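**Q** Quick one: structure below, then a few questions.
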Amino acid sequence: MTKWTPARYAALGAGCLAFALLAGCDDRSDFDVSQQIGPDPVLPEPQQPILADMKLAEVVGWQDGEMPSVPDGLRVTAYAEDLANPRSLYTLPNGDVLVVQARGPSGKPVSRPKDIIRGWIMSIAHGGGGEQKESNLITLLRDTNRDGEVDERHDLLTGLNSPFGIAWYDGTLYVAATDAILAYPYALGDTEITAQPSVLTPLPGGPINHHWTKDLALSPDGRYLYASVGSNSNVAERGLEAEKGRAAIWQVDRMTGASRIYASGLRNPNGLTFNPETGALWSVVNERDELGPNLVPDYMTSVKDGAFYGWPWSYFGSHVDERVHPKRPDMVEKAVVPDYALSSHVAPLGMTFTMNSALPEPYRNGAFVGEHGSWNRSSFTGYKVVYIPFENGAPSGKAQDVVTGFINGDQAHGRPVDVAIDGTGALIIADDAGNTVWRVAAADGSVTPEPVGTDEMVTGSVGGRAQGAATAAAPMDSRSTAGTGAPQSDGGAPAASADERLTGQEPAASSSGAGESPRPTQMEIAPAVLPEGTVQRGSEEQAD
């Protein structure tokens with residue numbers, strides 16, 4: 001194994017710098033990036049340079065006394081420090097905050113020479129290099145007196161396989177590792193989890209696993225989990241076979257594990273959350289690269305059942321990506337236009353609605369989005385948390401910069417990932433490069449009357465889940481089996497498989513005899529394996 005000494009890093013860095021300088025020559029520095037914020041973004045002509053635009057921020061962390069900046073009326077403090085790549089945040093109904101710390105899985109095969117450079121860049125952009133703390137764990141943060149300061153800190157789970165999404169309901173903690181949704185028995189207030197998990201459903205994992213983060217959201221009625229699965233490539237350059245079950249959001253029955261593709265054509269969706277006014281599922285999405293510095297805008301959108309959002313054949317509706325073969329005009333015609341562009345390469349990874357928060361009135365009816373920040377353009381964008389006002393369940397104005405100061409010149413103190421509302425109604429931000437969770441509260445110290453959990457935020461009912469809340473879920477047929485059967489539509493025909501949603505192919509004819517509907521196994525629509533040593537829900541057999 002090659003030993004990466006400082007000299008080797010310097011040599012590679014010099015090569016990458018030359019690469020970046022050459023690549024950046026095509027950047028249009030006069031382009032107004034604000035033209036790409038909103039429902040109707042300006043989309044310039046695509047470029048296909050030999051080398052993509054690139055500008056890398058050196059991660060320097062936060063020194064004593066340094067912190068992000070917020071507008072008047074808000075106050076920012078460090079909620080938890082000395083973490084190991086905090087990615088996702090989740091507030092339990094009792095006000096405890098769970099922070100998921102994770103690093104991506106290693107061993108991804110390299111298919112192109114530039115993937116070596118890309119991998120190195122991504123490592124440095126996340127503060128990689130040198131000895132690092134143990135990650136891939138979930139830590140509980142407890143504010144016992146609701147004063148905005150953490151009084152207790154406990155590691156609930158360790159040794160996980162690149163976890164990201166998390167949800168809790170009815171005595172069960174659900175964790176989306178990179179290859180499966182795991183279910184752990186967990187009672188509110190506990191400070192440790194010792195029970196072994198069951199596997200609710202496997203998810204597409206390695207060996208490529210280009211986008212490894214798998215986010216989770218619980219439907220307002222508590223019946224379904226929604227899991228995001230990013231693509232295995234930039235624009236399907238590894239072939240469509242590698243994209244089975246990917247670039248999609250899955251709907252998973254919480255009791256049985258039966259799953260189906262809820263929406264597809266979403267290159268890398270994250271930040272899954274439900275709009276408390278409408279019950280609609282929303283997501284932020286990282287779009288494709290290498291079409292120039294000002295394409296393609298990342299976006300925020302409501303997610304419709306059965307909808308196809310264009311990837312890889314098109315973007316923002318009918319804008320065809322000429323790099324993808326074979327052409328699929330039929331799929332381009334189906335592509336849904338996203339609701340709201342966030343500008344190109346800002347890398348949104350987290351989203352939360354604010355309707356039941358204790359934030360000042362200007363931030364009480366909208367959504368915060370964490371923008372991780374660009375690396376593949378010659379001027380930085382993102383590296384901040386923005387607020388988008390909503391009205392009647394839809395975005396109603398320009399995104400506003402709210403939490404800034406993560407980047408200064410060519411140096412990054414941190415990079416925001418997920419955003420959430422804590423048990424007091426304040427905004428919290430996971431900063432995976434600064435290894436900190438930040439808390440942004442009303443300057444006057446306002447808090448909610450009772451703790452408000454993440455999934456309670458989407459019901460419009462402070463302090464408790466509303467009964468009969470609206471949900472975007474479509475019912476699954478009871479003939480689906482846990483983890484192995486494809487769900488059926490109400491009419492008995494098979495629900496569209498991942499293959500069908502991605503490629504437009506018709507489902508295969510049944511070979512099981514007359515009177516039976518075709519039900520392809522989950523492994524046919526999404527290559528996934530059970531994690532070693534775990535038990536699938538509904539089965540007593542140990543995985544091989």
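Identifiers in this document derive from the order of the structure tokens: chains are assigned A, B, ..., residues are numbered from 1 separately in each chain, and ligands are numbered from 1 in order of occurrence.
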Run DSSP on the backbone and tell me which residues of range 239-326 of chain A come out as strand (DSSP E); list them as a PyMOL selection string.
**A** chain A and resi 248-253+259-264+268-274+281-286+297-302+314-315+319-320
**Q** May I have the residues within 6 Å of Ala248 in chain A as a list in words, using only C-alpha atoms and disregarding those fewer than 2 positions away in the same chain?
**A**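 The residues that qualify are Val229, Arg246, Ala263, Ser264 and Leu266 of chain A.
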**Q** Restricting the calculation to only C-alpha atoms: of A:Asp432, A:Asp143, A:Glu290, A:Asp151, which residue gets closest to Asn376 in chain A?
**A**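 Among the listed residues, A:Glu290 lies closest to Asn376 in chain A.
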**Q** Would you please work out which residue, of A:Gly38, A:Pro185, A:Gly95, A:Gly393, is nearest to Phe274 in chain A when using only C-alpha atoms?
**A**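 Residue with the minimum atom-to-atom distance to Phe274 in chain A: A:Gly393.
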**Q** Mind pulling up the distance from CA of Asp147 in chain A to CA of Gly189 in chain A?
**A** 18.2 Å
**Q** Using only C-alpha atoms, can you tell me which of A:Val386, A:Met331, A:Leu156, A:Ile428 comes closest to Pro71 in chain A?
**A** A:Val386
**Q** Find the spatial neighbours of range 205-219 of chain A, counting only C-alpha atoms, within a cut-off of 7 Å - ignore same-chain residues fewer than 5 positions away - and output them as number ranges by chain.
**A** A: 104, 108-109, 164-167, 176-179, 224-233, 268, 270-273, 455, 471, 528
**Q** May I have the residues within 7 Å of Pro338 in chain A as a VMD selection string, using only C-alpha atoms and disregarding those fewer than 4 positions away in the same chain?
**A** chain A and resid 299 to 301 316
**Q** Would you export the selected residues with all heavy atoms as a compact mmCIF listing (two decimals), in the first residue's frame, please?
**A**
# COMPACT_ATOMS: atom_id res chain seq x y z
N TYR A 299 -31.10 21.95 -6.82
CA TYR A 299 -32.46 22.45 -6.61
C TYR A 299 -33.14 21.87 -5.39
O TYR A 299 -32.66 20.91 -4.77
CB TYR A 299 -33.32 22.19 -7.85
CG TYR A 299 -33.47 20.74 -8.28
CD1 TYR A 299 -34.45 19.92 -7.73
CD2 TYR A 299 -32.64 20.19 -9.25
CE1 TYR A 299 -34.60 18.60 -8.13
CE2 TYR A 299 -32.78 18.87 -9.66
CZ TYR A 299 -33.76 18.08 -9.10
OH TYR A 299 -33.91 16.77 -9.50
N MET A 300 -34.25 22.50 -5.05
CA MET A 300 -35.17 22.06 -4.00
C MET A 300 -36.51 21.82 -4.66
O MET A 300 -36.95 22.62 -5.49
CB MET A 300 -35.28 23.18 -2.95
CG MET A 300 -36.34 22.98 -1.90
SD MET A 300 -36.42 24.40 -0.75
CE MET A 300 -37.14 25.66 -1.81
N THR A 301 -37.16 20.70 -4.33
CA THR A 301 -38.42 20.42 -5.01
C THR A 301 -39.35 19.57 -4.17
O THR A 301 -38.90 18.79 -3.32
CB THR A 301 -38.16 19.70 -6.36
OG1 THR A 301 -39.36 19.67 -7.13
CG2 THR A 301 -37.66 18.28 -6.15
N PHE A 316 -33.72 20.08 -15.56
CA PHE A 316 -34.75 21.11 -15.52
C PHE A 316 -35.76 20.94 -16.65
O PHE A 316 -35.98 21.81 -17.46
CB PHE A 316 -34.14 22.51 -15.50
CG PHE A 316 -33.97 23.01 -14.09
CD1 PHE A 316 -32.87 22.65 -13.35
CD2 PHE A 316 -34.95 23.77 -13.47
CE1 PHE A 316 -32.72 23.05 -12.04
CE2 PHE A 316 -34.82 24.18 -12.16
CZ PHE A 316 -33.70 23.82 -11.44
**Q** Which of range 41-246 of chain A end up as helix (DSSP H, G or I) when DSSP is run on this backbone - answer as an mmCIF file with N, CA, C and O atoms, in the first residue's frame?
**A**
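Written file, result.cif:
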data_model
loop_
_atom_site.group_PDB
_atom_site.id
_atom_site.type_symbol
_atom_site.label_atom_id
_atom_site.label_comp_id
_atom_site.auth_asym_id
_atom_site.auth_seq_id
_atom_site.Cartn_x
_atom_site.Cartn_y
_atom_site.Cartn_z
ATOM 1 N N PRO A 113 -9.155 7.982 -15.119
ATOM 2 C CA PRO A 113 -8.001 8.601 -14.461
ATOM 3 C C PRO A 113 -8.376 9.809 -13.615
ATOM 4 O O PRO A 113 -7.839 10.007 -12.529
ATOM 5 N N LYS A 114 -9.338 10.615 -14.080
ATOM 6 C CA LYS A 114 -9.680 11.814 -13.316
ATOM 7 C C LYS A 114 -10.400 11.470 -12.017
ATOM 8 O O LYS A 114 -10.515 12.321 -11.132
ATOM 9 N N ASP A 115 -10.889 10.218 -11.878
ATOM 10 C CA ASP A 115 -11.506 9.825 -10.617
ATOM 11 C C ASP A 115 -10.490 9.802 -9.484
ATOM 12 O O ASP A 115 -10.836 10.003 -8.316
ATOM 13 N N ILE A 116 -9.214 9.540 -9.802
ATOM 14 C CA ILE A 116 -8.172 9.560 -8.776
ATOM 15 C C ILE A 116 -8.033 10.969 -8.215
ATOM 16 O O ILE A 116 -7.995 11.186 -6.995
ATOM 17 N N ILE A 117 -7.990 11.945 -9.111
ATOM 18 C CA ILE A 117 -7.884 13.341 -8.683
ATOM 19 C C ILE A 117 -9.142 13.757 -7.944
ATOM 20 O O ILE A 117 -9.085 14.409 -6.896
ATOM 21 N N ARG A 118 -10.306 13.362 -8.460
ATOM 22 C CA ARG A 118 -11.577 13.721 -7.826
ATOM 23 C C ARG A 118 -11.633 13.174 -6.396
ATOM 24 O O ARG A 118 -12.059 13.862 -5.465
ATOM 25 N N GLY A 119 -11.202 11.926 -6.222
ATOM 26 C CA GLY A 119 -11.231 11.335 -4.887
ATOM 27 C C GLY A 119 -10.339 12.072 -3.918
ATOM 28 O O GLY A 119 -10.702 12.298 -2.760
ATOM 29 N N TRP A 120 -9.159 12.453 -4.388
ATOM 30 C CA TRP A 120 -8.249 13.213 -3.529
ATOM 31 C C TRP A 120 -8.851 14.571 -3.177
ATOM 32 O O TRP A 120 -8.786 15.016 -2.027
ATOM 33 N N ILE A 121 -9.448 15.213 -4.170
ATOM 34 C CA ILE A 121 -10.059 16.520 -3.933
ATOM 35 C C ILE A 121 -11.161 16.424 -2.885
ATOM 36 O O ILE A 121 -11.234 17.230 -1.948
ATOM 37 N N MET A 122 -12.015 15.428 -3.019
ATOM 38 C CA MET A 122 -13.125 15.297 -2.082
ATOM 39 C C MET A 122 -12.618 15.026 -0.672
ATOM 40 O O MET A 122 -13.189 15.509 0.310
ATOM 41 N N SER A 123 -11.532 14.271 -0.551
ATOM 42 C CA SER A 123 -10.960 14.007 0.762
ATOM 43 C C SER A 123 -10.455 15.291 1.405
ATOM 44 O O SER A 123 -10.730 15.575 2.573
ATOM 45 N N ILE A 124 -9.719 16.081 0.644
ATOM 46 C CA ILE A 124 -9.192 17.327 1.185
ATOM 47 C C ILE A 124 -10.317 18.311 1.481
ATOM 48 O O ILE A 124 -10.296 19.034 2.478
ATOM 49 N N ALA A 125 -11.330 18.341 0.614
ATOM 50 C CA ALA A 125 -12.454 19.259 0.819
ATOM 51 C C ALA A 125 -13.228 18.946 2.084
ATOM 52 O O ALA A 125 -13.934 19.792 2.620
ATOM 53 N N LEU A 240 -26.294 1.924 -17.319
ATOM 54 C CA LEU A 240 -27.544 1.947 -16.565
ATOM 55 C C LEU A 240 -27.678 0.768 -15.618
ATOM 56 O O LEU A 240 -28.415 0.849 -14.625
ATOM 57 N N GLU A 241 -26.974 -0.317 -15.900
ATOM 58 C CA GLU A 241 -27.050 -1.467 -15.000
ATOM 59 C C GLU A 241 -26.574 -1.090 -13.600
ATOM 60 O O GLU A 241 -27.089 -1.586 -12.597
ATOM 61 N N ALA A 242 -25.582 -0.194 -13.532
ATOM 62 C CA ALA A 242 -25.055 0.233 -12.239
ATOM 63 C C ALA A 242 -25.998 1.174 -11.515
ATOM 64 O O ALA A 242 -25.756 1.511 -10.348
ATOM 65 N N GLU A 243 -27.077 1.604 -12.177
ATOM 66 C CA GLU A 243 -27.991 2.586 -11.591
ATOM 67 C C GLU A 243 -29.308 1.968 -11.128
ATOM 68 O O GLU A 243 -30.248 2.693 -10.796
#
